[in-house]
$ cat my_file-v7.txt   # compact mmCIF, C-alpha atoms
# COMPACT_ATOMS: atom_id res chain seq x y z
CA MET D 1 93.09 94.16 74.30
CA SER D 2 96.50 95.73 74.83
CA LEU D 3 96.99 98.32 77.53
CA SER D 4 97.61 100.96 74.87
CA ARG D 5 93.99 100.70 73.75
CA ARG D 6 92.56 101.66 77.13
CA GLY D 7 91.90 105.38 77.50
CA VAL D 8 92.77 106.86 80.86
CA LEU D 9 92.08 110.36 82.10
CA ALA D 10 95.62 111.02 83.23
CA ALA D 11 96.20 112.68 86.55
CA GLY D 12 98.69 115.46 86.88
CA GLY D 13 98.84 118.52 84.68
CA ALA D 14 95.69 120.39 83.72
CA MET D 15 92.41 118.88 84.83
CA GLY D 16 90.77 117.07 81.99
CA ALA D 17 93.86 116.29 79.93
CA LEU D 18 93.20 113.02 78.14
CA ALA D 19 95.94 110.51 77.54
CA ALA D 20 96.17 106.87 76.56
CA THR D 21 97.94 104.50 78.89
CA ALA D 22 101.22 103.56 77.27
CA ALA D 23 101.72 99.87 76.67
CA GLY D 24 103.82 98.46 79.46
CA ALA D 25 103.66 101.63 81.53
CA GLY D 26 104.39 100.93 85.18
CA PRO D 27 102.50 102.21 88.18
CA ALA D 28 104.84 105.15 88.77
CA SER D 29 104.39 106.62 85.30
CA ALA D 30 100.62 106.40 85.54
CA ALA D 31 100.22 107.43 89.16
CA PRO D 32 98.45 110.68 90.06
CA GLY D 33 100.48 113.08 92.15
CA ARG D 34 99.25 114.45 95.44
CA ASP D 35 97.62 117.87 95.17
CA SER D 36 99.65 120.75 96.59
CA GLY D 37 97.42 121.07 99.66
CA HIS D 38 98.08 117.88 101.57
CA GLY D 39 95.08 118.30 103.85
CA ARG D 40 91.44 117.38 103.64
CA GLY D 41 89.66 117.78 100.34
CA ARG D 42 92.70 117.08 98.20
CA VAL D 43 91.32 113.98 96.44
CA ARG D 44 89.23 114.46 93.32
CA THR D 45 87.23 111.47 92.18
CA GLY D 46 86.93 110.27 88.63
CA PHE D 47 83.57 112.00 88.36
CA ASP D 48 85.00 115.29 89.64
CA ARG D 49 87.63 115.20 86.93
CA LEU D 50 85.20 114.13 84.21
CA ALA D 51 82.84 117.01 85.08
CA ALA D 52 85.69 119.52 85.28
CA ASP D 53 86.64 118.48 81.74
CA GLY D 54 83.13 119.33 80.53
CA TYR D 55 82.24 115.64 79.94
CA ARG D 56 84.29 115.78 76.73
CA MET D 57 84.79 112.04 76.55
CA LEU D 58 81.00 111.54 76.53
CA ARG D 59 80.12 113.99 73.76
CA GLY D 60 77.78 112.66 71.12
CA GLN D 61 76.94 109.61 73.27
CA LYS D 62 73.73 108.51 74.92
CA VAL D 63 74.90 107.67 78.42
CA GLY D 64 73.63 105.28 81.10
CA ILE D 65 75.17 104.98 84.55
CA VAL D 66 75.52 102.14 87.04
CA THR D 67 75.54 103.80 90.44
CA ASN D 68 74.02 103.94 93.91
CA PRO D 69 73.87 106.45 96.80
CA THR D 70 77.70 106.59 96.96
CA GLY D 71 77.86 108.34 93.58
CA VAL D 72 78.15 111.80 95.10
CA THR D 73 80.22 114.94 94.65
CA ALA D 74 82.33 116.47 97.42
CA ASP D 75 79.30 118.58 98.42
CA VAL D 76 77.15 115.41 98.57
CA ARG D 77 75.03 116.04 95.49
CA HIS D 78 74.25 112.84 93.64
CA ILE D 79 76.03 112.72 90.31
CA VAL D 80 72.85 111.70 88.48
CA ASP D 81 71.14 114.82 89.82
CA VAL D 82 74.17 116.85 88.68
CA MET D 83 74.44 115.31 85.22
CA HIS D 84 70.75 115.13 84.33
CA PRO D 85 70.13 118.89 83.81
CA ASP D 86 73.58 119.52 82.27
CA GLU D 87 73.28 120.02 78.50
CA ARG D 88 76.88 118.92 77.98
CA VAL D 89 76.01 115.28 78.71
CA ASP D 90 73.11 113.20 77.41
CA LEU D 91 72.20 111.01 80.40
CA THR D 92 69.31 108.77 79.41
CA ALA D 93 69.28 105.79 81.80
CA VAL D 94 70.32 104.57 85.25
CA PHE D 95 71.18 100.98 86.21
CA GLY D 96 70.70 99.96 89.84
CA PRO D 97 72.83 97.29 91.61
CA GLU D 98 72.15 95.35 94.81
CA HIS D 99 70.37 97.65 97.32
CA GLY D 100 69.19 99.79 94.40
CA PHE D 101 70.09 103.10 92.77
CA ARG D 102 68.68 105.20 95.62
CA GLY D 103 69.62 102.55 98.22
CA THR D 104 66.20 101.54 99.50
CA ALA D 105 66.74 97.77 99.56
CA GLN D 106 68.42 95.63 102.23
CA ALA D 107 71.08 92.96 101.58
CA GLY D 108 70.03 90.52 98.89
CA GLY D 109 67.47 92.93 97.42
CA SER D 110 67.09 95.58 94.72
CA GLU D 111 64.58 98.20 93.63
CA GLY D 112 63.34 96.70 90.36
CA ARG D 113 62.46 98.66 87.22
CA TYR D 114 60.95 102.13 87.78
CA ASP D 115 61.20 105.77 86.71
CA ASP D 116 63.23 107.90 89.11
CA PRO D 117 60.89 110.48 90.69
CA ALA D 118 63.60 113.14 90.94
CA THR D 119 64.77 113.05 87.32
CA GLY D 120 62.23 111.02 85.41
CA LEU D 121 65.03 108.79 84.14
CA PRO D 122 64.29 105.09 83.63
CA VAL D 123 66.02 102.94 86.24
CA TYR D 124 66.86 99.37 85.23
CA ASP D 125 67.60 96.62 87.75
CA THR D 126 70.96 94.88 87.20
CA TYR D 127 71.07 92.87 90.44
CA LEU D 128 71.90 89.20 89.80
CA LYS D 129 71.80 89.79 86.05
CA SER D 130 74.80 88.98 83.90
CA GLY D 131 75.78 87.79 80.42
CA GLN D 132 73.25 88.09 77.63
CA PRO D 133 70.27 89.04 79.87
CA LEU D 134 72.23 92.05 81.15
CA ALA D 135 73.47 92.82 77.62
CA ASP D 136 69.82 92.85 76.52
CA ILE D 137 69.03 95.45 79.21
CA PHE D 138 71.85 97.67 77.95
CA SER D 139 70.60 97.27 74.38
CA ALA D 140 66.98 97.99 75.32
CA SER D 141 68.03 101.15 77.18
CA GLY D 142 69.40 102.63 73.95
CA VAL D 143 72.63 103.88 75.52
CA ASP D 144 75.97 104.03 73.70
CA THR D 145 78.16 104.27 76.81
CA VAL D 146 77.71 102.69 80.24
CA ILE D 147 79.37 104.52 83.15
CA PHE D 148 80.23 102.77 86.42
CA ASP D 149 80.61 104.88 89.58
CA ILE D 150 80.15 103.08 92.92
CA GLN D 151 82.21 103.23 96.13
CA ASP D 152 83.81 99.84 96.88
CA ALA D 153 84.79 98.44 100.30
CA GLY D 154 87.99 96.63 99.26
CA ALA D 155 86.86 93.02 99.77
CA ARG D 156 86.38 90.28 97.16
CA PHE D 157 82.95 89.38 98.50
CA TYR D 158 81.57 92.93 98.34
CA THR D 159 79.34 92.48 95.33
CA TYR D 160 79.73 95.82 93.55
CA ILE D 161 83.01 94.78 91.95
CA TRP D 162 81.24 91.78 90.44
CA THR D 163 78.47 94.07 89.21
CA LEU D 164 81.33 95.90 87.48
CA TYR D 165 82.64 92.63 86.05
CA ASP D 166 79.20 91.59 84.84
CA CYS D 167 78.60 95.00 83.29
CA MET D 168 81.93 94.84 81.47
CA GLU D 169 81.11 91.42 80.05
CA ALA D 170 77.56 92.46 79.10
CA ALA D 171 78.66 95.77 77.57
CA ALA D 172 81.08 93.86 75.33
CA LEU D 173 78.29 91.52 74.25
CA ALA D 174 76.02 94.49 73.51
CA GLY D 175 78.71 96.44 71.68
CA LYS D 176 78.69 99.24 74.26
CA ARG D 177 81.59 101.25 75.63
CA LEU D 178 82.17 101.22 79.40
CA VAL D 179 83.69 104.07 81.42
CA VAL D 180 84.79 103.56 85.03
CA LEU D 181 84.93 106.64 87.26
CA ASP D 182 87.37 105.87 90.05
CA ARG D 183 86.94 106.27 93.80
CA PRO D 184 89.29 105.40 96.68
CA ASN D 185 89.78 101.97 98.15
CA PRO D 186 88.71 103.01 101.67
CA VAL D 187 91.16 100.67 103.41
CA THR D 188 94.16 101.73 101.28
CA GLY D 189 95.57 100.08 98.21
CA ARG D 190 98.86 99.05 99.78
CA ALA D 191 98.58 95.29 99.82
CA ALA D 192 96.53 92.31 98.72
CA LEU D 193 95.69 89.93 101.56
CA GLY D 194 94.08 86.55 102.07
CA PRO D 195 93.28 83.52 99.97
CA VAL D 196 92.79 83.77 96.21
CA LEU D 197 89.51 82.40 94.85
CA ASP D 198 89.50 78.93 93.34
CA PRO D 199 87.31 79.21 90.19
CA ALA D 200 85.40 76.12 91.29
CA PHE D 201 83.85 78.31 94.01
CA ALA D 202 82.80 81.19 91.78
CA THR D 203 79.59 82.97 92.86
CA PHE D 204 78.34 86.55 93.02
CA VAL D 205 80.51 87.03 96.13
CA GLY D 206 83.55 86.09 94.04
CA ARG D 207 83.40 85.64 90.29
CA ARG D 208 87.12 85.32 89.54
CA GLU D 209 90.57 84.64 90.97
CA ILE D 210 91.46 87.65 93.10
CA ALA D 211 92.55 87.91 96.74
CA GLN D 212 90.07 88.27 99.58
CA ALA D 213 91.31 91.84 100.20
CA HIS D 214 92.36 92.91 96.71
CA GLY D 215 94.10 96.22 97.50
CA MET D 216 92.92 97.89 94.27
CA THR D 217 90.54 100.63 93.19
CA VAL D 218 87.58 99.88 90.93
CA ALA D 219 89.37 101.39 87.92
CA GLU D 220 92.42 99.23 88.55
CA LEU D 221 90.17 96.19 88.91
CA ALA D 222 88.47 97.05 85.61
CA LEU D 223 91.83 97.12 83.84
CA PHE D 224 92.75 93.82 85.53
CA PHE D 225 89.44 92.16 84.63
CA ASN D 226 89.58 93.25 81.00
CA ALA D 227 93.10 91.98 80.41
CA GLU D 228 93.16 88.88 82.61
CA PHE D 229 89.62 87.50 82.46
CA LEU D 230 87.77 89.11 79.53
CA HIS D 231 90.60 89.13 76.99
CA GLU D 232 88.74 86.89 74.54
CA ASN D 233 85.97 89.49 74.23
CA PRO D 234 87.19 92.66 75.99
CA VAL D 235 84.96 95.65 76.46
CA ARG D 236 85.84 99.06 74.99
CA LEU D 237 87.08 100.41 78.30
CA ASP D 238 88.00 103.87 79.53
CA VAL D 239 88.88 104.67 83.12
CA VAL D 240 88.95 108.12 84.71
CA THR D 241 91.45 108.11 87.54
CA MET D 242 91.43 110.21 90.69
CA SER D 243 93.89 112.97 91.44
CA GLY D 244 95.50 113.37 94.83
CA TRP D 245 94.96 109.80 96.06
CA ARG D 246 97.84 107.69 97.32
CA ARG D 247 97.86 103.96 97.95
CA SER D 248 98.57 104.55 101.64
CA ASP D 249 95.46 106.71 102.12
CA PHE D 250 92.65 105.52 104.35
CA PHE D 251 89.28 107.01 103.55
CA ASP D 252 89.46 109.74 106.17
CA ASP D 253 92.69 110.97 104.53
CA THR D 254 90.82 111.87 101.34
CA GLY D 255 88.52 114.64 102.51
CA LEU D 256 85.67 112.97 100.66
CA PRO D 257 82.25 112.38 102.26
CA TRP D 258 81.47 108.81 103.29
CA VAL D 259 78.09 107.57 102.12
CA PRO D 260 77.28 104.01 103.28
CA PRO D 261 77.58 101.88 100.13
CA SER D 262 75.16 99.37 101.65
CA PRO D 263 72.99 99.33 104.79
CA ASN D 264 75.50 97.28 106.79
CA MET D 265 78.58 99.30 105.78
CA PRO D 266 77.82 102.43 107.83
CA THR D 267 81.34 103.77 108.34
CA PRO D 268 84.87 103.50 106.93
CA GLU D 269 85.73 101.66 110.15
CA THR D 270 83.29 98.93 109.10
CA ALA D 271 85.16 98.57 105.82
CA LEU D 272 88.44 98.31 107.73
CA VAL D 273 87.42 95.03 109.40
CA TYR D 274 84.96 93.73 106.79
CA SER D 275 87.36 91.67 104.65
CA GLY D 276 88.06 89.52 107.72
CA THR D 277 84.94 89.48 109.86
CA CYS D 278 82.51 89.00 106.97
CA LEU D 279 83.70 85.38 107.17
CA PHE D 280 81.32 85.00 110.10
CA GLU D 281 78.46 85.08 107.60
CA GLY D 282 79.59 81.51 106.93
CA THR D 283 79.03 80.45 110.55
CA ASN D 284 76.15 80.22 113.02
CA LEU D 285 77.43 83.32 114.84
CA SER D 286 76.02 86.79 114.32
CA GLU D 287 78.28 89.03 112.26
CA GLY D 288 76.69 92.06 113.91
CA ARG D 289 73.92 92.71 111.40
CA GLY D 290 71.06 94.39 113.20
CA THR D 291 73.43 96.41 115.41
CA THR D 292 75.03 99.82 115.00
CA ARG D 293 78.42 98.10 114.61
CA PRO D 294 78.01 95.37 111.97
CA PHE D 295 81.16 93.30 111.40
CA GLU D 296 82.78 94.86 114.48
CA LEU D 297 80.44 93.00 116.86
CA LEU D 298 80.39 89.20 116.63
CA GLY D 299 78.62 86.72 118.86
CA ALA D 300 76.06 84.05 119.63
CA GLU D 301 73.99 82.69 122.52
CA GLY D 302 76.21 80.87 124.96
CA ILE D 303 79.48 82.72 124.25
CA ASP D 304 81.13 84.39 127.24
CA HIS D 305 84.35 86.15 128.22
CA ARG D 306 86.57 83.23 127.17
CA TRP D 307 86.43 84.12 123.47
CA ALA D 308 87.74 87.68 123.95
CA ALA D 309 90.44 86.36 126.31
CA ALA D 310 91.59 83.75 123.78
CA ALA D 311 91.66 86.29 120.95
CA ASN D 312 93.59 88.85 123.02
CA ALA D 313 96.11 86.16 124.03
CA LEU D 314 97.20 85.92 120.38
CA GLU D 315 98.46 89.52 120.55
CA LEU D 316 97.42 90.22 116.97
CA PRO D 317 98.95 93.44 115.66
CA GLY D 318 96.88 96.60 115.84
CA VAL D 319 93.70 95.19 117.36
CA ALA D 320 92.18 94.39 120.75
CA PHE D 321 89.00 92.50 121.61
CA ARG D 322 86.39 93.50 124.16
CA GLU D 323 83.95 91.09 125.75
CA ALA D 324 80.61 92.32 124.41
CA TYR D 325 76.89 91.59 124.70
CA PHE D 326 74.28 92.78 122.21
CA ALA D 327 70.79 92.09 120.87
CA PRO D 328 70.48 92.23 117.05
CA THR D 329 67.32 93.93 115.79
CA PHE D 330 67.27 91.72 112.69
CA SER D 331 69.17 88.84 111.07
CA LYS D 332 70.71 86.12 113.25
CA PHE D 333 69.52 86.06 116.89
CA GLN D 334 67.00 88.82 116.26
CA GLY D 335 65.75 90.18 119.57
CA LYS D 336 67.97 87.88 121.64
CA THR D 337 70.88 88.93 123.81
CA VAL D 338 74.09 87.26 122.68
CA GLY D 339 77.67 87.26 123.91
CA GLY D 340 80.81 87.75 121.90
CA VAL D 341 83.46 90.28 121.07
CA GLN D 342 83.85 93.75 119.68
CA LEU D 343 86.95 94.47 117.61
CA HIS D 344 88.79 97.67 118.45
CA VAL D 345 91.36 98.55 115.80
CA GLN D 346 94.05 100.47 117.65
CA ASP D 347 96.68 100.77 114.92
CA ARG D 348 95.27 100.47 111.43
CA GLU D 349 98.72 100.70 109.85
CA VAL D 350 99.64 97.22 111.11
CA PHE D 351 96.18 95.67 111.42
CA ASP D 352 95.62 92.69 109.10
CA PRO D 353 91.86 92.15 108.76
CA VAL D 354 92.03 88.77 107.02
CA ARG D 355 94.47 87.20 109.48
CA THR D 356 92.37 88.65 112.30
CA GLY D 357 89.22 87.09 110.83
CA ILE D 358 90.89 83.68 110.68
CA ALA D 359 92.14 84.05 114.26
CA LEU D 360 88.63 84.82 115.43
CA LEU D 361 87.24 81.76 113.66
CA VAL D 362 89.93 79.56 115.22
CA THR D 363 89.40 80.92 118.74
CA ALA D 364 85.59 80.87 118.47
CA LYS D 365 85.65 77.20 117.55
CA ARG D 366 88.05 76.39 120.38
CA THR D 367 86.22 78.32 123.13
CA TRP D 368 82.56 77.77 122.24
CA SER D 369 81.20 74.24 121.88
CA GLY D 370 78.24 75.47 119.85
CA PHE D 371 80.35 76.73 116.94
CA ALA D 372 79.22 75.49 113.52
CA TRP D 373 79.62 76.38 109.88
CA ARG D 374 76.51 77.27 107.91
CA PRO D 375 75.06 74.00 106.53
CA ASP D 376 75.52 75.18 102.93
CA ASN D 377 79.28 75.69 103.54
CA TRP D 378 78.92 79.37 102.63
CA ILE D 379 82.33 79.85 104.24
CA ASP D 380 83.86 78.13 101.19
CA LYS D 381 82.26 80.71 98.89
CA LEU D 382 83.57 83.54 101.05
CA THR D 383 87.12 82.23 101.33
CA GLY D 384 87.08 80.88 97.78
CA ASN D 385 88.13 77.34 98.72
CA THR D 386 87.54 74.49 101.16
CA ARG D 387 90.96 74.84 102.72
CA VAL D 388 90.14 77.38 105.42
CA ARG D 389 87.17 75.39 106.70
CA THR D 390 88.85 71.99 106.59
CA MET D 391 92.07 73.21 108.18
CA ILE D 392 90.23 74.87 111.07
CA ASP D 393 88.14 71.74 111.54
CA ALA D 394 91.36 69.71 111.65
CA GLY D 395 92.72 71.88 114.46
CA ALA D 396 95.10 74.15 112.51
CA ASP D 397 96.10 77.38 114.18
CA THR D 398 95.95 80.85 112.62
CA ASP D 399 99.50 80.86 111.27
CA GLU D 400 99.08 77.45 109.62
CA VAL D 401 95.91 78.58 107.83
CA VAL D 402 97.50 81.83 106.67
CA ARG D 403 100.61 80.05 105.38
CA ALA D 404 98.44 77.79 103.23
CA TRP D 405 97.46 80.58 100.83
CA GLN D 406 100.78 82.41 100.51
CA ARG D 407 101.89 80.88 97.19
CA ASP D 408 98.63 81.77 95.44
CA LEU D 409 98.65 85.21 97.03
CA SER D 410 102.21 85.91 95.84
CA ALA D 411 101.22 85.02 92.28
CA PHE D 412 98.19 87.32 92.46
CA ARG D 413 100.27 90.18 93.86
CA ALA D 414 102.72 89.88 90.97
CA LYS D 415 99.91 89.92 88.41
CA ARG D 416 98.07 92.75 90.17
CA ARG D 417 101.13 95.01 90.09
CA ARG D 418 100.79 95.57 86.33
CA TYR D 419 97.44 97.32 86.74
CA LEU D 420 98.14 99.68 89.64
CA ARG D 421 97.72 103.32 88.67
CA TYR D 422 98.62 105.16 91.87
CA GLY D 423 101.80 105.51 93.87
CA GLY D 424 102.40 106.32 97.52
$ encode --input "my_file-v7.txt" --output "structure tokens"
Amino acid sequence: MSLSRRGVLAAGGAMGALAATAAGAGPASAAPGRDSGHGRGRVRTGFDRLAADGYRMLRGQKVGIVTNPTGVTADVRHIVDVMHPDERVDLTAVFGPEHGFRGTAQAGGSEGRYDDPATGLPVYDTYLKSGQPLADIFSASGVDTVIFDIQDAGARFYTYIWTLYDCMEAAALAGKRLVVLDRPNPVTGRAALGPVLDPAFATFVGRREIAQAHGMTVAELALFFNAEFLHENPVRLDVVTMSGWRRSDFFDDTGLPWVPPSPNMPTPETALVYSGTCLFEGTNLSEGRGTTRPFELLGAEGIDHRWAAAANALELPGVAFREAYFAPTFSKFQGKTVGGVQLHVQDREVFDPVRTGIALLVTAKRTWSGFAWRPDNWIDKLTGNTRVRTMIDAGADTDEVVRAWQRDLSAFRAKRRRYLRYGG
């Protein structure tokens, strides 16, 4: 599918003006401008702009939506509750991802098939469904158009972007149109960081070859997926961009309300470190689940002050490490007091979460004799290769590990550039 066939709700000008993306158009020509008031509340999401346009692009269509608790308006009304009574749009189904549509399930769970008590709409479970089985769900629902509107966290292993990928593939198989309503990348869209997935390690925490911190919005990823990975059977894709968002914006620059996209992503600060410290899911250390600071607190029984001292000695940009002790209420070390570190991001403009995550793995292994990878080598699924694990085991330092992925990362960055739709 050529870029000229993808409809985009163009930012700039009157709200709701529809325009097709010109073939070969660069990021600057497609980028939304910043609203005149540069303060809080200046960013309008894809849904905001779709609703302001009277849902024109959905007229005459039976619509289903893939969403979760993050699908809210600026005044924190859920978009399903907004759309359902509106006669201008025919919303007939909801599709729930991991954690569920209303967000009642923990990590690795979903809500199953049920009728939503608030609206009466049928809710279908998409979690861990892909290909023809997911296409069959779309067909059975009777919808013509599938909408996707979920807040992402900016990391390859955050599963909602692969729910998007699976829905795109399934919608194409079912002959459905797919519309992506854009939301901010909460950790900015300035740069892609970290290793690029080797397809041999494809799982639901990384279906295809993108960087560990992709530096894109969900709409940009949808354009990328359709052209780079689904080109043999592309979905009929429309994306509705934001207005007022710049690539340099962190989430608190947007004026939008933060709704935790999953139970262990409570704040934008969690998202800031997540693309690096989630790597500890691949170890025998706690990644802070069961605390009020998941992915900022890391530790295990037997770790003491030496880990924080070793990490601080690296003088990593923008971050400091505090010796910390905590007792997780669930997950690893439930009910036990463990020692470790808490990350304190002091300058987010220069902080590199992926490099920091690698440095913490290196120093944890060197300062704690009990360090071990998970027996299933889950770390390889998270990093997308064996290289990180084997290099650290061989004694490589942080800079050596980071250098090892630079060629693949440079190639991804060049490819990614063609699909960026925002400047700044």
$ closest_residue --input "my_file-v7.txt" --among "D:Ala211, D:Leu230, D:Ala308, D:Met216" --to "Ala172 in chain D" --atoms "all atoms listed in the file"
D:Leu230
$ residues_around --input "my_file-v7.txt" --residues "range 176-192 of chain D" --least-positions-apart "5" --cutoff "6 Å" --atoms "only C-alpha atoms" --output "mmCIF file with C-alpha atoms, in the coordinates of the input"
data_model
loop_
_atom_site.group_PDB
_atom_site.id
_atom_site.type_symbol
_atom_site.label_atom_id
_atom_site.label_comp_id
_atom_site.auth_asym_id
_atom_site.auth_seq_id
_atom_site.Cartn_x
_atom_site.Cartn_y
_atom_site.Cartn_z
ATOM 1 C CA THR D 45 87.230 111.470 92.180
ATOM 2 C CA GLY D 46 86.930 110.270 88.630
ATOM 3 C CA PHE D 47 83.570 112.000 88.360
ATOM 4 C CA ASP D 144 75.970 104.030 73.700
ATOM 5 C CA THR D 145 78.160 104.270 76.810
ATOM 6 C CA VAL D 146 77.710 102.690 80.240
ATOM 7 C CA ILE D 147 79.370 104.520 83.150
ATOM 8 C CA PHE D 148 80.230 102.770 86.420
ATOM 9 C CA ASP D 149 80.610 104.880 89.580
ATOM 10 C CA GLY D 154 87.990 96.630 99.260
ATOM 11 C CA ALA D 171 78.660 95.770 77.570
ATOM 12 C CA ALA D 213 91.310 91.840 100.200
ATOM 13 C CA HIS D 214 92.360 92.910 96.710
ATOM 14 C CA GLY D 215 94.100 96.220 97.500
ATOM 15 C CA MET D 216 92.920 97.890 94.270
ATOM 16 C CA THR D 217 90.540 100.630 93.190
ATOM 17 C CA ALA D 219 89.370 101.390 87.920
ATOM 18 C CA ARG D 236 85.840 99.060 74.990
ATOM 19 C CA LEU D 237 87.080 100.410 78.300
ATOM 20 C CA ASP D 238 88.000 103.870 79.530
ATOM 21 C CA VAL D 239 88.880 104.670 83.120
ATOM 22 C CA VAL D 240 88.950 108.120 84.710
ATOM 23 C CA THR D 241 91.450 108.110 87.540
ATOM 24 C CA MET D 242 91.430 110.210 90.690
ATOM 25 C CA ARG D 247 97.860 103.960 97.950
ATOM 26 C CA SER D 248 98.570 104.550 101.640
ATOM 27 C CA ASP D 249 95.460 106.710 102.120
ATOM 28 C CA PHE D 250 92.650 105.520 104.350
ATOM 29 C CA PHE D 251 89.280 107.010 103.550
ATOM 30 C CA LEU D 272 88.440 98.310 107.730
#
$ atom_distance --input "my_file-v7.txt" --atom1 "CA of Arg293 in chain D" --atom2 "CA of Glu349 in chain D"
21.0 Å
$ closest_residue --input "my_file-v7.txt" --among "D:Ser243, D:Gln346, D:Gln132, D:Thr398" --to "Arg42 in chain D" --atoms "only C-alpha atoms"
D:Ser243
$ atom_distance --input "my_file-v7.txt" --atom1 "CA of Ser130 in chain D" --atom2 "CA of Phe204 in chain D"
10.1 Å
$ atom_distance --input "my_file-v7.txt" --atom1 "CA of Arg208 in chain D" --atom2 "CA of Thr386 in chain D"
15.9 Å
$ residues_around --input "my_file-v7.txt" --residues "range 277-290 of chain D" --least-positions-apart "3" --cutoff "6 Å" --atoms "only C-alpha atoms" --output "MDAnalysis selection string"
chainID D and resid 274 294:295 297:300 328:330 332 357 372:374 378:379
$ residues_around --input "my_file-v7.txt" --residues "Val63 in chain D" --least-positions-apart "3" --cutoff "12 Å" --atoms "only C-alpha atoms" --output "PyMOL selection string"
chain D and resi 55+57-60+66+80+83-84+88-95+121+138-139+141-148+176-179
$ axis_aligned_box --input "my_file-v7.txt" --around "range 396-415 of chain D" --padding-each-side "6 Å" --output "AutoDock Vina command-line options"
--center_x 98.9 --center_y 82.2 --center_z 101.3 --size_x 19.6 --size_y 28.0 --size_z 37.8
$ closest_residue --input "my_file-v7.txt" --among "D:Gly302, D:Pro317, D:Gly244, D:Pro69" --to "Pro97 in chain D" --atoms "all atoms listed in the file"
D:Pro69
$ residues_around --input "my_file-v7.txt" --residues "Val402 in chain D" --least-positions-apart "3" --cutoff "12 Å" --atoms "all atoms listed in the file" --output "VMD selection string"
chain D and resid 193 to 196 352 to 359 362 383 387 to 388 391 to 392 396 to 399 405 to 409
$ residues_around --input "my_file-v7.txt" --residues "Arg113 in chain D" --least-positions-apart "2" --cutoff "12 Å" --atoms "all atoms listed in the file" --output "list in words"
Ala93, Val94, Phe95, Gly96, Pro97, Gly100, Phe101, Ser110, Glu111, Asp115, Asp116, Leu121, Pro122, Val123, Tyr124, Asp125, Thr126, Tyr127, Ile137 and Ser141 of chain D
$ closest_residue --input "my_file-v7.txt" --among "D:Ala140, D:Cys167, D:Leu314, D:Ala51" --to "Leu128 in chain D" --atoms "all atoms listed in the file"
D:Cys167
$ closest_residue --input "my_file-v7.txt" --among "D:Glu87, D:Asp152, D:Asp347, D:Asp48" --to "Ser275 in chain D" --atoms "only C-alpha atoms"
D:Asp152
